[in-house]
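Q: Have a look at this one before I ask anything.
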Amino acid sequence: MKNSLGLTFRLVGAVMLGIYAHAVPAQAVAANSMGSVDFTKAAESTINGVVSIKSFATPRSQRGMSGGDFFSDPFLEFFFGGRPQGRQQPRQQGEEAQRELGLGSGVIISSDGYIVTNNHVIDGAERLEVTLNDNRVFNATVVGADEATDLALIKIDADNLPVIPMGNSDDLKVGEWVLAVGNPFGLTSTVTTGIVSAKARSISTGTPYGRRMGIESYIQTDAAVNPGNSGGALVNLNGELVGINTAIYSQTGSYTGYSFAVPTSIVTKIMADLKEFGTAQRAVLGISFTELTDRQAKEKGIKLVNSGLLVGKVNDRSSAMEAGLEAGDVITAINGVETHTSAQLQEQINRYRPGDEITVTYVRDNKSHTVPVTLYNSSGSTKVTTAGTITDLGCAFIKVSESACRQLRISGGIQVTGLRDGRFKDAGIKDGFIILEVNNMRITSQDDIEKIYKSIVRSSDSDHVMFIIGIYPTGKKMYYAVDLTE
């Protein structure tokens, strides 16, 4: 599908080797010969900190699931670039055969094995295989993932790993040189160069996939990024990480001059949340708004500013209502940082957790005001959200996002994440499965799962089974029976 400019928005992550035969574009190497800029220091200091990530999954037909070929799923074709071709992974003794699902990149952020990548690189995988630049191979576990920012944190069992130091994306300037490091088309340890073309860029407007991308405030560059680069590093000339490469605009699926990275101002906070809580802690102002236009300013008699975020509605029991914001106010800054677009507001708010205090500058009656605001979550509290693991089941649970509910036309549910060996995996459940009902009881929170689980295992009845109804992000409805018998 194309937008009004004839451009197609594609995530640039996992792509099966052999599907794409395109060479790396000439633009990817041309910058190295331009001017007197030396890219070698940044390249040498970062290339070992970027890894290759392969994802594997068992074909549905092997798991007794209806629906035919696992790889005919159009949802997976969108994310992973098409049907896989080539050899199937050999069957391990006692295990069902798995196929390579896709290939992406990741960035080592701590010497003890924590790696940041994109959510769409690991989404749907039953097994993750990480290859370091020195060719060592490790299996990885998912610590947590956040669909809204398309970020994920995974872990390998290794020590003394090379780490790319975290830089400050706020310090980036438009026109500044940057390098993209990753594994395009399976070509490992590839470095391309470009400049920062724009900051706080939103790319969902006018694209058919915008609803999949919840929080958007990207660094736009002209560094060549292709399928397989997703989750790789965007670094400055000091060799510091300033972004995670995520998406491209393209008519062909390959690089045509536009690439986008999640800035480290968002990455650092989300990674800290996933490591500590297993899920992102999302703060909200609790307003609906539009970006102020010249026409609106004239109609409303706004003369002090000609840009900003025009508040349309203030939600009940929200941070904004408690701080005294009203419909018709024009927000111009968060913590003193100019905030004139939706992407800028998202980037600023997404740095904080519920309970944090910020300042909001706004215009009312052509006078500027600044007020302190204590941020709440979407439920109107400062309560921390956790992933709520039940060890025996072998997974964690997160609440389904509002955008996913709208897309799937469901009222709510709990999504399986971080799947590992356990009862759920034995029953055939896969990561990303959304639980709607258990034993004829509607599931709206992780507490519901825990209560039903404890009720079953404590029961004196011989039938210790969880009968689960749910749906995958593809829209496929499934039924599972999870045996809880000791």
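Residue names in the structure tokens use chain letters A, B, ... in the order shown, residue numbers from 1 in each chain, and ligand numbers from 1 in the order shown.
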Quick one: residues within 8 Å of stretch 339-349 of chain A, only C-alpha atoms, excluding same-chain residues fewer than 2 positions away - as an MDAnalysis selection string?
A: chainID A and resid 200:202 215:217 265:266 283:285 290:291 307:309 331:334 337 351:352
Q: Which residues, written as a PyMOL selection string, have at least one atom at most 12 Å from A:Lys454, with only C-alpha atoms counted and residues fewer than 2 positions away on the same chain left out?
A: chain A and resi 390+392-393+447-452+456-460+464-466+484
Q: Going by DSSP on the backbone, which residues of stretch 106-203 of chain A come out as helix (DSSP H, G or I)? List them as an NGL selection string.
A: :A and (119-122 or 169-171 or 184-186)
Q: Can you list every residue in stretch 140-355 of chain A that DSSP puts in strand (DSSP E), as an MDAnalysis selection string?
A: chainID A and resid 140:146 151:156 177:182 190:201 218:221 233:235 241:250 258:263 287:291 309:314 330:334 337:338
Q: Just want the 9 Å neighbourhood of stretch 111-120 of chain A, counted on only C-alpha atoms, with same-chain residues fewer than 4 positions away dropped. Output as a ChimeraX atom specification.
A: /A:11,13-14,50-51,53,79-80,104-107,124,143,145-147,149-163,230-232,244-246,267,271
Q: So that I can check the surroundings of stretch 422-428 of chain A, please list as a list in words every protein, DNA and RNA residue that reaches within 8 Å of it, counting only C-alpha atoms and ignoring chain neighbours fewer than 2 positions away.
A: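 Selected residues are Arg63, Thr391, Asp392, Leu393, Gly394, Cys395, Leu419, Arg420, Lys430, Tyr480, Ala481, Val482, Asp483 and Leu484 of chain A.
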Q: Output all heavy atoms for every residue in that selection, as a CSV table (one decimal), in the first residue's frame.
A:
```csv
chain,number,residue,atom,x,y,z
A,63,ARG,N,2.6,-28.2,14.7
A,63,ARG,CA,2.0,-28.1,16.1
A,63,ARG,C,0.6,-28.5,16.1
A,63,ARG,O,-0.1,-28.2,17.1
A,63,ARG,CB,2.2,-26.7,16.6
A,63,ARG,CG,3.7,-26.3,16.7
A,63,ARG,CD,4.5,-27.2,17.6
A,63,ARG,NE,4.0,-27.1,19.0
A,63,ARG,CZ,4.5,-26.3,19.9
A,63,ARG,NH1,5.5,-25.5,19.7
A,63,ARG,NH2,4.0,-26.3,21.2
A,391,THR,N,5.6,-18.7,37.3
A,391,THR,CA,6.7,-19.5,37.0
A,391,THR,C,6.3,-20.8,36.3
A,391,THR,O,6.9,-21.2,35.2
A,391,THR,CB,7.6,-19.9,38.2
A,391,THR,OG1,7.9,-18.7,38.8
A,391,THR,CG2,8.8,-20.7,37.8
A,392,ASP,N,5.3,-21.5,36.8
A,392,ASP,CA,4.9,-22.8,36.2
A,392,ASP,C,4.4,-22.7,34.8
A,392,ASP,O,4.6,-23.7,34.0
A,392,ASP,CB,3.8,-23.4,37.1
A,392,ASP,CG,3.6,-24.9,36.8
A,392,ASP,OD1,4.5,-25.6,36.5
A,392,ASP,OD2,2.4,-25.3,36.8
A,393,LEU,N,3.8,-21.6,34.5
A,393,LEU,CA,3.3,-21.5,33.1
A,393,LEU,C,4.4,-21.1,32.1
A,393,LEU,O,4.2,-21.3,30.9
A,393,LEU,CB,2.2,-20.4,33.1
A,393,LEU,CG,1.0,-20.7,33.9
A,393,LEU,CD1,0.0,-19.5,33.8
A,393,LEU,CD2,0.3,-22.0,33.6
A,394,GLY,N,5.5,-20.6,32.5
A,394,GLY,CA,6.6,-20.3,31.7
A,394,GLY,C,6.5,-19.1,30.8
A,394,GLY,O,6.9,-19.1,29.6
A,395,CYS,N,5.9,-18.0,31.3
A,395,CYS,CA,5.8,-16.8,30.5
A,395,CYS,C,5.4,-15.6,31.5
A,395,CYS,O,5.2,-15.8,32.7
A,395,CYS,CB,4.7,-16.9,29.5
A,395,CYS,SG,3.0,-17.1,30.2
A,419,LEU,N,7.9,-16.0,26.5
A,419,LEU,CA,7.6,-17.4,26.6
A,419,LEU,C,8.9,-18.2,26.7
A,419,LEU,O,9.9,-18.0,25.9
A,419,LEU,CB,6.8,-17.9,25.3
A,419,LEU,CG,6.3,-19.3,25.4
A,419,LEU,CD1,5.2,-19.4,26.4
A,419,LEU,CD2,5.7,-19.7,24.0
A,420,ARG,N,8.9,-19.2,27.6
A,420,ARG,CA,10.1,-20.1,27.7
A,420,ARG,C,9.5,-21.5,28.1
A,420,ARG,O,8.3,-21.7,28.0
A,420,ARG,CB,11.0,-19.6,28.8
A,420,ARG,CG,10.3,-19.4,30.2
A,420,ARG,CD,11.3,-18.7,31.1
A,420,ARG,NE,10.6,-18.5,32.4
A,420,ARG,CZ,9.8,-17.6,32.7
A,420,ARG,NH1,9.4,-16.7,31.8
A,420,ARG,NH2,9.2,-17.5,33.9
A,430,LYS,N,2.1,-19.6,21.7
A,430,LYS,CA,3.3,-18.9,21.2
A,430,LYS,C,3.3,-17.5,21.8
A,430,LYS,O,2.2,-16.9,22.2
A,430,LYS,CB,3.3,-18.9,19.7
A,430,LYS,CG,3.5,-20.2,19.1
A,430,LYS,CD,3.5,-20.1,17.6
A,430,LYS,CE,4.0,-21.4,16.9
A,430,LYS,NZ,3.0,-22.5,17.3
A,480,TYR,N,-6.8,-23.5,23.4
A,480,TYR,CA,-5.8,-24.3,24.0
A,480,TYR,C,-6.3,-25.0,25.3
A,480,TYR,O,-7.1,-24.3,26.0
A,480,TYR,CB,-4.5,-23.6,24.3
A,480,TYR,CG,-3.8,-23.0,23.1
A,480,TYR,CD1,-4.0,-21.7,22.6
A,480,TYR,CD2,-3.0,-23.9,22.3
A,480,TYR,CE1,-3.3,-21.2,21.5
A,480,TYR,CE2,-2.3,-23.4,21.2
A,480,TYR,CZ,-2.5,-22.1,20.8
A,480,TYR,OH,-1.8,-21.6,19.7
A,481,ALA,N,-5.8,-26.1,25.6
A,481,ALA,CA,-6.0,-26.8,26.9
A,481,ALA,C,-4.7,-26.9,27.6
A,481,ALA,O,-3.8,-27.6,27.1
A,481,ALA,CB,-6.7,-28.1,26.7
A,482,VAL,N,-4.5,-26.3,28.7
A,482,VAL,CA,-3.2,-26.3,29.4
A,482,VAL,C,-3.4,-27.2,30.7
A,482,VAL,O,-4.2,-26.9,31.6
A,482,VAL,CB,-2.8,-24.9,29.9
A,482,VAL,CG1,-1.5,-24.9,30.6
A,482,VAL,CG2,-2.7,-24.0,28.7
A,483,ASP,N,-2.7,-28.3,30.7
A,483,ASP,CA,-2.7,-29.3,31.7
A,483,ASP,C,-1.9,-28.8,32.9
A,483,ASP,O,-0.7,-28.6,32.8
A,483,ASP,CB,-2.2,-30.7,31.2
A,483,ASP,CG,-2.4,-31.8,32.2
A,483,ASP,OD1,-3.0,-31.5,33.3
A,483,ASP,OD2,-1.9,-32.9,32.0
A,484,LEU,N,-2.5,-28.7,34.1
A,484,LEU,CA,-1.9,-28.2,35.3
A,484,LEU,C,-1.7,-29.4,36.3
A,484,LEU,O,-1.3,-29.2,37.4
A,484,LEU,CB,-2.7,-27.1,36.0
A,484,LEU,CG,-2.9,-25.9,35.2
A,484,LEU,CD1,-3.6,-24.8,36.0
A,484,LEU,CD2,-1.6,-25.3,34.6
```
Q: List the neighbours of A:Val416 out to 10 Å using only C-alpha atoms; skip same-chain residues closer than 4 positions along the sequence, and give me the result as a compact mmCIF listing (two decimals) with N, CA and C atoms, in the first residue's frame.
A:
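Result saved to out-v1.txt:
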```txt
# COMPACT_ATOMS: atom_id res chain seq x y z
N ALA A 387 5.06 -7.20 34.84
CA ALA A 387 4.72 -8.22 33.86
C ALA A 387 4.07 -9.45 34.48
N GLY A 394 5.51 -20.57 32.55
CA GLY A 394 6.63 -20.30 31.66
C GLY A 394 6.47 -19.08 30.79
N CYS A 395 5.90 -18.01 31.34
CA CYS A 395 5.75 -16.79 30.55
C CYS A 395 5.39 -15.64 31.47
N ALA A 396 5.31 -14.47 30.89
CA ALA A 396 4.82 -13.29 31.60
C ALA A 396 3.61 -12.77 30.82
N PHE A 397 2.90 -11.80 31.42
CA PHE A 397 1.70 -11.27 30.80
C PHE A 397 1.74 -9.75 30.81
N ILE A 398 1.31 -9.15 29.72
CA ILE A 398 1.17 -7.70 29.65
C ILE A 398 -0.22 -7.38 29.11
N LYS A 399 -0.71 -6.19 29.48
CA LYS A 399 -2.01 -5.76 29.01
C LYS A 399 -1.94 -5.42 27.53
N VAL A 400 -2.98 -5.77 26.80
CA VAL A 400 -3.02 -5.49 25.37
C VAL A 400 -3.23 -3.99 25.14
N PHE A 424 2.57 -23.45 29.18
CA PHE A 424 2.01 -22.80 28.01
C PHE A 424 2.71 -23.25 26.73
N ILE A 429 1.08 -22.83 22.90
CA ILE A 429 0.90 -21.37 22.89
C ILE A 429 2.21 -20.69 22.50
N LYS A 430 2.10 -19.62 21.70
CA LYS A 430 3.28 -18.89 21.25
C LYS A 430 3.28 -17.46 21.79
N ASP A 431 4.47 -16.86 21.81
CA ASP A 431 4.62 -15.47 22.22
C ASP A 431 3.68 -14.59 21.41
N GLY A 432 3.04 -13.64 22.06
CA GLY A 432 2.15 -12.71 21.38
C GLY A 432 0.69 -13.11 21.45
N PHE A 433 0.40 -14.35 21.88
CA PHE A 433 -0.98 -14.82 21.97
C PHE A 433 -1.75 -14.00 22.99
N ILE A 434 -2.95 -13.57 22.63
CA ILE A 434 -3.78 -12.73 23.50
C ILE A 434 -4.88 -13.59 24.11
N ILE A 435 -4.87 -13.71 25.42
CA ILE A 435 -5.85 -14.53 26.14
C ILE A 435 -7.10 -13.70 26.39
N TYR A 472 -4.40 -14.44 18.08
CA TYR A 472 -3.05 -13.96 17.77
C TYR A 472 -3.14 -12.59 17.10
```
Q: If we count only C-alpha atoms and set the cut-off at 6 Å, which residues sit around A:Val373, ignoring sequence neighbours fewer than 4 positions away in its own chain? Please answer as a list in words.
A: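 My reading of the contact set: Ala323, Glu357, Ile358 and Thr359 of chain A.
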Q: Ranking A:Ala320, A:Ala224, A:Ala43, A:Ile410 by minimum distance to A:Ser189 and counting only C-alpha atoms, which one comes first?
A: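 Selected residue with least distance to A:Ser189: A:Ala43.
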Q: Pick from A:Gly336, A:Asn439, A:Thr417, A:Val305: nearest to A:Ala125, with only C-alpha atoms counted?
A: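 That would be A:Thr417, the residue with the smallest distance to A:Ala125.
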Q: Let me make sure I understand: among A:Ala327, A:Leu172, A:Val314, A:Val178, which one has the smallest atom-to-atom distance to A:Phe39 if we use only C-alpha atoms?
A: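 With only C-alpha atoms as the atom set, the closest residue is A:Val178.
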Q: Fewer than 5 positions away in the same chain doesn't count, so skip those; otherwise give me all residues within 12 Å of A:Ser318, counting only C-alpha atoms, as a list in words.
A: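 Returned residues: Ala283, Val284, Leu285, Gly286, Ile287, Ser288, Lys313, Ala323, Gly324, Leu325, Glu326, Pro354, Val373, Thr374, Leu375, Tyr376, Asn377, Ser378, Ser379, Gly380, Ser381 and Thr382 of chain A.
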Q: Limited to N, CA and C atoms, could you put the picked residues into a file as a PDB file, in the first residue's frame?
A:
```pdb
ATOM      1  N   ALA A 283       3.587   6.982  31.037  1.00  0.00           N
ATOM      2  CA  ALA A 283       2.949   8.157  31.620  1.00  0.00           C
ATOM      3  C   ALA A 283       2.165   8.898  30.541  1.00  0.00           C
ATOM      4  N   VAL A 284       1.044   9.493  30.926  1.00  0.00           N
ATOM      5  CA  VAL A 284       0.232  10.254  29.976  1.00  0.00           C
ATOM      6  C   VAL A 284      -0.207  11.571  30.611  1.00  0.00           C
ATOM      7  N   LEU A 285      -0.381  12.585  29.756  1.00  0.00           N
ATOM      8  CA  LEU A 285      -0.921  13.861  30.239  1.00  0.00           C
ATOM      9  C   LEU A 285      -2.428  13.785  30.412  1.00  0.00           C
ATOM     10  N   GLY A 286      -3.075  13.036  29.540  1.00  0.00           N
ATOM     11  CA  GLY A 286      -4.530  12.920  29.621  1.00  0.00           C
ATOM     12  C   GLY A 286      -5.254  14.022  28.875  1.00  0.00           C
ATOM     13  N   ILE A 287      -4.795  14.302  27.649  1.00  0.00           N
ATOM     14  CA  ILE A 287      -5.447  15.329  26.826  1.00  0.00           C
ATOM     15  C   ILE A 287      -5.601  14.812  25.397  1.00  0.00           C
ATOM     16  N   SER A 288      -6.536  15.390  24.678  1.00  0.00           N
ATOM     17  CA  SER A 288      -6.574  15.259  23.225  1.00  0.00           C
ATOM     18  C   SER A 288      -6.197  16.619  22.657  1.00  0.00           C
ATOM     19  N   LYS A 313      -9.451  18.574  24.537  1.00  0.00           N
ATOM     20  CA  LYS A 313     -10.193  18.005  25.653  1.00  0.00           C
ATOM     21  C   LYS A 313      -9.225  17.595  26.745  1.00  0.00           C
ATOM     22  N   ALA A 323      -3.589  19.529  37.050  1.00  0.00           N
ATOM     23  CA  ALA A 323      -2.689  20.681  36.938  1.00  0.00           C
ATOM     24  C   ALA A 323      -3.411  21.944  36.506  1.00  0.00           C
ATOM     25  N   GLY A 324      -4.694  21.820  36.124  1.00  0.00           N
ATOM     26  CA  GLY A 324      -5.467  22.988  35.758  1.00  0.00           C
ATOM     27  C   GLY A 324      -5.484  23.328  34.288  1.00  0.00           C
ATOM     28  N   LEU A 325      -5.001  22.449  33.433  1.00  0.00           N
ATOM     29  CA  LEU A 325      -5.059  22.705  31.990  1.00  0.00           C
ATOM     30  C   LEU A 325      -6.503  22.647  31.515  1.00  0.00           C
ATOM     31  N   GLU A 326      -6.811  23.428  30.476  1.00  0.00           N
ATOM     32  CA  GLU A 326      -8.177  23.516  29.966  1.00  0.00           C
ATOM     33  C   GLU A 326      -8.176  23.428  28.447  1.00  0.00           C
ATOM     34  N   PRO A 354       5.007   7.123  35.417  1.00  0.00           N
ATOM     35  CA  PRO A 354       3.949   7.636  36.301  1.00  0.00           C
ATOM     36  C   PRO A 354       4.531   7.945  37.687  1.00  0.00           C
ATOM     37  N   VAL A 373       3.395  19.450  36.919  1.00  0.00           N
ATOM     38  CA  VAL A 373       2.429  18.391  36.641  1.00  0.00           C
ATOM     39  C   VAL A 373       3.000  17.058  37.116  1.00  0.00           C
ATOM     40  N   THR A 374       2.254  16.356  37.962  1.00  0.00           N
ATOM     41  CA  THR A 374       2.614  14.999  38.347  1.00  0.00           C
ATOM     42  C   THR A 374       1.949  14.037  37.374  1.00  0.00           C
ATOM     43  N   LEU A 375       2.763  13.250  36.699  1.00  0.00           N
ATOM     44  CA  LEU A 375       2.250  12.388  35.643  1.00  0.00           C
ATOM     45  C   LEU A 375       1.579  11.139  36.202  1.00  0.00           C
ATOM     46  N   TYR A 376       0.457  10.745  35.574  1.00  0.00           N
ATOM     47  CA  TYR A 376      -0.261   9.522  35.918  1.00  0.00           C
ATOM     48  C   TYR A 376      -0.150   8.533  34.765  1.00  0.00           C
ATOM     49  N   ASN A 377      -0.565   7.292  35.038  1.00  0.00           N
ATOM     50  CA  ASN A 377      -0.699   6.328  33.959  1.00  0.00           C
ATOM     51  C   ASN A 377      -2.094   6.450  33.342  1.00  0.00           C
ATOM     52  N   SER A 378      -2.404   5.590  32.392  1.00  0.00           N
ATOM     53  CA  SER A 378      -3.691   5.694  31.700  1.00  0.00           C
ATOM     54  C   SER A 378      -4.871   5.373  32.600  1.00  0.00           C
ATOM     55  N   SER A 379      -4.598   4.758  33.757  1.00  0.00           N
ATOM     56  CA  SER A 379      -5.667   4.446  34.710  1.00  0.00           C
ATOM     57  C   SER A 379      -5.874   5.555  35.728  1.00  0.00           C
ATOM     58  N   GLY A 380      -5.095   6.622  35.614  1.00  0.00           N
ATOM     59  CA  GLY A 380      -5.248   7.750  36.526  1.00  0.00           C
ATOM     60  C   GLY A 380      -4.568   7.565  37.855  1.00  0.00           C
ATOM     61  N   SER A 381      -3.490   6.790  37.896  1.00  0.00           N
ATOM     62  CA  SER A 381      -2.749   6.591  39.137  1.00  0.00           C
ATOM     63  C   SER A 381      -1.261   6.579  38.835  1.00  0.00           C
ATOM     64  N   THR A 382      -0.460   6.494  39.887  1.00  0.00           N
ATOM     65  CA  THR A 382       0.991   6.415  39.732  1.00  0.00           C
ATOM     66  C   THR A 382       1.500   5.005  39.991  1.00  0.00           C
TER      67      THR A 382
END
```
